[in-house]
>>> print(open('upload-v2.pdb').read())   # PDB, C-alpha atoms, pLDDT in the B column
ATOM      1  CA  MET A   1       9.728 -14.917   8.483  1.00 51.00           C
ATOM      2  CA  ALA A   2       6.131 -14.375   7.367  1.00 48.00           C
ATOM      3  CA  ALA A   3       3.841 -12.468   9.685  1.00 49.00           C
ATOM      4  CA  SER A   4       0.750 -14.247  10.873  1.00 76.00           C
ATOM      5  CA  THR A   5      -1.507 -11.226  11.271  1.00 88.00           C
ATOM      6  CA  THR A   6      -5.233 -11.617  10.735  1.00 90.00           C
ATOM      7  CA  THR A   7      -5.002  -9.426   7.628  1.00 91.00           C
ATOM      8  CA  TYR A   8      -2.274 -11.523   6.042  1.00 92.00           C
ATOM      9  CA  ARG A   9      -4.006 -14.803   6.889  1.00 93.00           C
ATOM     10  CA  MET A  10      -7.186 -13.484   5.247  1.00 94.00           C
ATOM     11  CA  TRP A  11      -5.204 -12.455   2.147  1.00 95.00           C
ATOM     12  CA  LYS A  12      -3.640 -15.902   1.836  1.00 94.00           C
ATOM     13  CA  ARG A  13      -7.007 -17.588   2.226  1.00 95.00           C
ATOM     14  CA  LEU A  14      -8.951 -15.351  -0.179  1.00 97.00           C
ATOM     15  CA  SER A  15      -6.327 -14.639  -2.847  1.00 95.00           C
ATOM     16  CA  GLU A  16      -6.177 -18.304  -3.848  1.00 94.00           C
ATOM     17  CA  ARG A  17      -9.846 -18.279  -4.851  1.00 96.00           C
ATOM     18  CA  PRO A  18     -11.397 -16.809  -8.014  1.00 96.00           C
ATOM     19  CA  GLY A  19     -12.329 -13.195  -7.252  1.00 96.00           C
ATOM     20  CA  GLY A  20     -10.721 -13.504  -3.838  1.00 97.00           C
ATOM     21  CA  SER A  21      -8.354 -10.563  -4.239  1.00 97.00           C
ATOM     22  CA  ARG A  22     -11.337  -8.364  -5.151  1.00 97.00           C
ATOM     23  CA  LEU A  23     -13.252  -9.603  -2.107  1.00 97.00           C
ATOM     24  CA  PHE A  24     -10.206  -8.927   0.074  1.00 96.00           C
ATOM     25  CA  SER A  25      -9.904  -5.416  -1.401  1.00 95.00           C
ATOM     26  CA  ALA A  26     -13.590  -4.740  -0.700  1.00 95.00           C
ATOM     27  CA  ALA A  27     -13.119  -5.901   2.894  1.00 94.00           C
ATOM     28  CA  ALA A  28     -10.136  -3.561   3.248  1.00 91.00           C
ATOM     29  CA  MET A  29     -12.308  -0.656   2.078  1.00 92.00           C
ATOM     30  CA  VAL A  30     -14.975  -1.577   4.635  1.00 92.00           C
ATOM     31  CA  ARG A  31     -12.358  -1.686   7.385  1.00 89.00           C
ATOM     32  CA  VAL A  32     -10.805   1.637   6.315  1.00 87.00           C
ATOM     33  CA  PRO A  33     -13.543   3.518   4.380  1.00 88.00           C
ATOM     34  CA  TYR A  34     -11.227   6.423   3.545  1.00 86.00           C
ATOM     35  CA  PHE A  35      -9.559   4.284   0.874  1.00 89.00           C
ATOM     36  CA  ALA A  36     -12.851   3.538  -0.917  1.00 90.00           C
ATOM     37  CA  SER A  37     -12.505   6.772  -2.905  1.00 90.00           C
ATOM     38  CA  ILE A  38      -9.615   5.301  -4.910  1.00 93.00           C
ATOM     39  CA  VAL A  39     -11.323   1.901  -5.474  1.00 94.00           C
ATOM     40  CA  PRO A  40      -8.104  -0.015  -4.734  1.00 94.00           C
ATOM     41  CA  HIS A  41      -7.446  -3.586  -5.819  1.00 96.00           C
ATOM     42  CA  VAL A  42      -4.798  -5.448  -3.831  1.00 96.00           C
ATOM     43  CA  VAL A  43      -3.203  -7.694  -6.450  1.00 96.00           C
ATOM     44  CA  ARG A  44      -0.164  -8.946  -4.509  1.00 95.00           C
ATOM     45  CA  MET A  45       0.733  -9.082  -0.859  1.00 95.00           C
ATOM     46  CA  GLY A  46       3.575 -10.853   0.871  1.00 93.00           C
ATOM     47  CA  PRO A  47       6.538 -10.292   3.159  1.00 93.00           C
ATOM     48  CA  GLY A  48       8.535  -7.409   1.724  1.00 93.00           C
ATOM     49  CA  TYR A  49       6.191  -6.658  -1.194  1.00 95.00           C
ATOM     50  CA  ALA A  50       2.691  -5.385  -1.889  1.00 95.00           C
ATOM     51  CA  GLU A  51       1.008  -4.160  -5.042  1.00 96.00           C
ATOM     52  CA  VAL A  52      -2.222  -2.189  -5.347  1.00 96.00           C
ATOM     53  CA  THR A  53      -3.918  -0.962  -8.515  1.00 96.00           C
ATOM     54  CA  VAL A  54      -6.135   2.106  -8.758  1.00 95.00           C
ATOM     55  CA  PRO A  55      -8.325   2.873 -11.780  1.00 94.00           C
ATOM     56  CA  LYS A  56      -8.425   6.333 -13.301  1.00 91.00           C
ATOM     57  CA  TRP A  57     -12.003   7.458 -12.901  1.00 89.00           C
ATOM     58  CA  PHE A  58     -13.969  10.681 -12.649  1.00 86.00           C
ATOM     59  CA  PHE A  59     -13.765  11.151  -8.865  1.00 88.00           C
ATOM     60  CA  LEU A  60      -9.950  11.023  -8.961  1.00 89.00           C
ATOM     61  CA  TYR A  61      -9.531  13.691 -11.645  1.00 88.00           C
ATOM     62  CA  ASN A  62      -8.000  17.051 -10.917  1.00 89.00           C
ATOM     63  CA  HIS A  63      -8.511  20.193 -13.022  1.00 90.00           C
ATOM     64  CA  LEU A  64      -6.043  18.796 -15.618  1.00 90.00           C
ATOM     65  CA  ARG A  65      -8.070  15.541 -15.932  1.00 89.00           C
ATOM     66  CA  THR A  66      -5.125  13.600 -14.527  1.00 90.00           C
ATOM     67  CA  VAL A  67      -5.203  11.501 -11.355  1.00 91.00           C
ATOM     68  CA  HIS A  68      -5.146  13.838  -8.378  1.00 90.00           C
ATOM     69  CA  ALA A  69      -1.884  13.922  -6.397  1.00 89.00           C
ATOM     70  CA  ILE A  70      -3.555  12.855  -3.152  1.00 90.00           C
ATOM     71  CA  ALA A  71      -5.119   9.851  -4.883  1.00 91.00           C
ATOM     72  CA  SER A  72      -1.563   8.805  -5.772  1.00 91.00           C
ATOM     73  CA  CYS A  73      -0.573   9.237  -2.131  1.00 91.00           C
ATOM     74  CA  ASN A  74      -3.550   7.138  -1.073  1.00 91.00           C
ATOM     75  CA  ALA A  75      -2.456   4.382  -3.443  1.00 91.00           C
ATOM     76  CA  ALA A  76       1.053   4.474  -1.968  1.00 90.00           C
ATOM     77  CA  GLU A  77      -0.279   4.459   1.570  1.00 90.00           C
ATOM     78  CA  MET A  78      -2.648   1.572   0.887  1.00 88.00           C
ATOM     79  CA  ALA A  79       0.172  -0.503  -0.604  1.00 84.00           C
ATOM     80  CA  MET A  80       2.413   0.172   2.368  1.00 77.00           C
ATOM     81  CA  ALA A  81       1.088   1.959   5.352  1.00 54.00           C
ATOM     82  CA  MET A  82      -2.571   0.975   5.343  1.00 65.00           C
ATOM     83  CA  GLY A  83      -1.002  -2.296   5.999  1.00 79.00           C
ATOM     84  CA  MET A  84      -0.652  -4.506   2.971  1.00 91.00           C
ATOM     85  CA  LEU A  85       3.147  -4.698   3.014  1.00 93.00           C
ATOM     86  CA  MET A  86       3.534  -4.125   6.749  1.00 93.00           C
ATOM     87  CA  GLU A  87       0.777  -6.581   7.685  1.00 92.00           C
ATOM     88  CA  ALA A  88       2.503  -9.239   5.598  1.00 92.00           C
ATOM     89  CA  THR A  89       6.000  -8.399   6.859  1.00 93.00           C
ATOM     90  CA  VAL A  90       5.900  -7.360  10.513  1.00 94.00           C
ATOM     91  CA  PRO A  91       5.522 -10.390  12.814  1.00 93.00           C
ATOM     92  CA  THR A  92       2.852 -10.347  15.501  1.00 93.00           C
ATOM     93  CA  SER A  93       5.625  -9.942  18.089  1.00 93.00           C
ATOM     94  CA  HIS A  94       5.874  -6.331  16.883  1.00 95.00           C
ATOM     95  CA  ARG A  95       3.536  -3.502  15.962  1.00 94.00           C
ATOM     96  CA  TRP A  96       3.843  -0.602  13.562  1.00 94.00           C
ATOM     97  CA  ILE A  97       2.300   2.750  12.764  1.00 93.00           C
ATOM     98  CA  PRO A  98       2.967   5.189   9.888  1.00 92.00           C
ATOM     99  CA  LYS A  99       5.099   8.122  11.020  1.00 94.00           C
ATOM    100  CA  ALA A 100       6.036  10.157   7.933  1.00 94.00           C
ATOM    101  CA  MET A 101       5.609  10.262   4.178  1.00 95.00           C
ATOM    102  CA  ASN A 102       7.948  11.940   1.701  1.00 96.00           C
ATOM    103  CA  VAL A 103       6.390  12.196  -1.755  1.00 96.00           C
ATOM    104  CA  ARG A 104       7.858  13.254  -5.096  1.00 97.00           C
ATOM    105  CA  TYR A 105       5.523  13.902  -8.031  1.00 96.00           C
ATOM    106  CA  LEU A 106       7.563  12.938 -11.084  1.00 97.00           C
ATOM    107  CA  GLU A 107       5.130  12.944 -14.028  1.00 95.00           C
ATOM    108  CA  LYS A 108       1.465  13.614 -14.757  1.00 94.00           C
ATOM    109  CA  ALA A 109      -0.639  10.561 -13.913  1.00 94.00           C
ATOM    110  CA  THR A 110      -2.821  10.215 -17.021  1.00 94.00           C
ATOM    111  CA  SER A 111      -3.893   6.577 -16.626  1.00 95.00           C
ATOM    112  CA  SER A 112      -4.756   4.010 -14.003  1.00 95.00           C
ATOM    113  CA  LEU A 113      -2.042   3.470 -11.406  1.00 96.00           C
ATOM    114  CA  ARG A 114      -0.080   0.597  -9.866  1.00 96.00           C
ATOM    115  CA  ALA A 115       1.552   1.179  -6.459  1.00 95.00           C
ATOM    116  CA  GLN A 116       4.392  -1.204  -5.652  1.00 96.00           C
ATOM    117  CA  ALA A 117       5.823  -1.178  -2.118  1.00 95.00           C
ATOM    118  CA  ARG A 118       9.094  -2.963  -1.403  1.00 95.00           C
ATOM    119  CA  LEU A 119      11.069  -3.560   1.775  1.00 95.00           C
ATOM    120  CA  GLU A 120      14.017  -5.751   2.638  1.00 94.00           C
ATOM    121  CA  PRO A 121      12.607  -6.995   5.967  1.00 92.00           C
ATOM    122  CA  PRO A 122      14.795  -6.139   8.947  1.00 94.00           C
ATOM    123  CA  ASP A 123      15.747  -8.657  11.629  1.00 94.00           C
ATOM    124  CA  PHE A 124      12.738  -8.132  13.864  1.00 94.00           C
ATOM    125  CA  ALA A 125      14.331 -10.113  16.694  1.00 94.00           C
ATOM    126  CA  SER A 126      16.922  -7.325  16.982  1.00 95.00           C
ATOM    127  CA  ILE A 127      14.223  -4.635  17.292  1.00 95.00           C
ATOM    128  CA  THR A 128      13.878  -4.393  21.063  1.00 95.00           C
ATOM    129  CA  GLU A 129      12.781  -0.767  21.229  1.00 95.00           C
ATOM    130  CA  GLY A 130      11.200   1.650  18.755  1.00 95.00           C
ATOM    131  CA  THR A 131      12.896   2.038  15.399  1.00 97.00           C
ATOM    132  CA  GLU A 132      12.060   3.681  12.094  1.00 97.00           C
ATOM    133  CA  VAL A 133      11.568   1.487   9.039  1.00 96.00           C
ATOM    134  CA  THR A 134      11.259   3.277   5.692  1.00 95.00           C
ATOM    135  CA  VAL A 135       9.482   1.649   2.766  1.00 95.00           C
ATOM    136  CA  GLY A 136       9.854   2.852  -0.807  1.00 95.00           C
ATOM    137  CA  VAL A 137       6.723   2.898  -2.942  1.00 95.00           C
ATOM    138  CA  GLN A 138       6.721   3.389  -6.697  1.00 96.00           C
ATOM    139  CA  VAL A 139       3.469   4.554  -8.264  1.00 96.00           C
ATOM    140  CA  LEU A 140       3.505   3.626 -11.948  1.00 97.00           C
ATOM    141  CA  ASP A 141       1.186   4.520 -14.795  1.00 96.00           C
ATOM    142  CA  ARG A 142      -0.163   1.986 -17.270  1.00 96.00           C
ATOM    143  CA  ALA A 143       2.996   2.316 -19.434  1.00 97.00           C
ATOM    144  CA  GLY A 144       5.236   1.500 -16.432  1.00 97.00           C
ATOM    145  CA  THR A 145       6.506   5.054 -15.955  1.00 97.00           C
ATOM    146  CA  GLU A 146       7.036   6.044 -12.337  1.00 98.00           C
ATOM    147  CA  VAL A 147       4.744   9.053 -11.837  1.00 96.00           C
ATOM    148  CA  VAL A 148       5.037   9.306  -8.054  1.00 96.00           C
ATOM    149  CA  HIS A 149       7.615   8.046  -5.584  1.00 97.00           C
ATOM    150  CA  ALA A 150       6.870   7.874  -1.858  1.00 95.00           C
ATOM    151  CA  ASP A 151       9.103   6.941   1.040  1.00 95.00           C
ATOM    152  CA  ILE A 152       6.877   6.041   3.974  1.00 94.00           C
ATOM    153  CA  THR A 153       8.467   5.795   7.399  1.00 95.00           C
ATOM    154  CA  CYS A 154       6.847   3.562   9.998  1.00 95.00           C
ATOM    155  CA  TRP A 155       7.593   3.341  13.686  1.00 96.00           C
ATOM    156  CA  VAL A 156       8.096  -0.318  14.650  1.00 97.00           C
ATOM    157  CA  THR A 157       8.168  -1.487  18.270  1.00 97.00           C
ATOM    158  CA  PRO A 158       7.885  -4.786  20.114  1.00 96.00           C
ATOM    159  CA  ALA A 159       4.213  -5.540  20.819  1.00 92.00           C
TER     160      ALA A 159
END
>>> encode(input="upload-v2.pdb", output="structure tokens")
Amino acid sequence: MAASTTTYRMWKRLSERPGGSRLFSAAAMVRVPYFASIVPHVVRMGPGYAEVTVPKWFFLYNHLRTVHAIASCNAAEMAMAMGMLMEATVPTSHRWIPKAMNVRYLEKATSSLRAQARLEPPDFASITEGTEVTVGVQVLDRAGTEVVHADITCWVTPA
């Protein structure tokens, strides 16, 4: 069951047009300015899956000239908790909010990043009171190596 949130409807409308995913990504940064620092590009969004790319650029460097750990977390959160996956997955009969984030730094992030969030959608009709839903997010470097793994727990309740 695809969610019909305003965010997901906008994605479906814009992503079909040339440059639409970039326009959508810019709108997301306007709505949540905190994410502008990582210059995210939402490249895929749908029920159970979202993908966001982040370029390696000067303002994301740490003292090792690799992508800063928190920038990786921001990429994971944008793919999942900022709403891309959840906005496309959770029906409007329910609401969600991020509750916890468990992050493992696996390798140095020496290139641009790709955050991929995946979730086997639960049966939302059976969620009649608050429940935790955990989404796994892989943050990959340009070579496809997982450099960060995040498990983000959201609290989902009926609206």
>>> residues_around(input="upload-v2.pdb", residues="A:Asn102", least_positions_apart="4", cutoff="7 Å", atoms="only C-alpha atoms", output="list in words")
Ala150, Asp151 and Ile152 of chain A
>>> resolve_selection(input="upload-v2.pdb", expression="the PyMOL selection byres ((chain A and resi 107) around 9)", output="ChimeraX atom specification")
/A:105-106,108-110,145-148
>>> residues_around(input="upload-v2.pdb", residues="stretch 42-56 of chain A", least_positions_apart="5", cutoff="10 Å", atoms="all atoms listed in the file", output="number ranges by chain")
A: 1-3, 8, 11-12, 15, 20-26, 28, 37, 61, 65-68, 71-72, 74-80, 83-91, 109-122, 135, 137-142
>>> closest_residue(input="upload-v2.pdb", among="A:Glu129, A:Glu16, A:Arg31, A:Leu60", to="A:Trp96", atoms="all atoms listed in the file")
A:Glu129
>>> closest_residue(input="upload-v2.pdb", among="A:Pro18, A:Pro158, A:Phe59, A:Thr134", to="A:Ala36", atoms="only C-alpha atoms")
A:Phe59
>>> atom_distance(input="upload-v2.pdb", atom1="atom CA of A:Cys154", atom2="atom CA of A:Ser126")
16.4 Å
>>> atom_distance(input="upload-v2.pdb", atom1="atom CA of A:Val32", atom2="atom CA of A:Gly144")
27.8 Å
>>> atom_distance(input="upload-v2.pdb", atom1="atom CA of A:Trp155", atom2="atom CA of A:Leu14")
28.6 Å
>>> residues_around(input="upload-v2.pdb", residues="A:Ser93", least_positions_apart="6", cutoff="10 Å", atoms="only C-alpha atoms", output="MDAnalysis selection string")
chainID A and resid 3:5 124:125 157:159
>>> closest_residue(input="upload-v2.pdb", among="A:Met29, A:Met10, A:Leu64, A:Val156", to="A:Asp123", atoms="only C-alpha atoms")
A:Val156
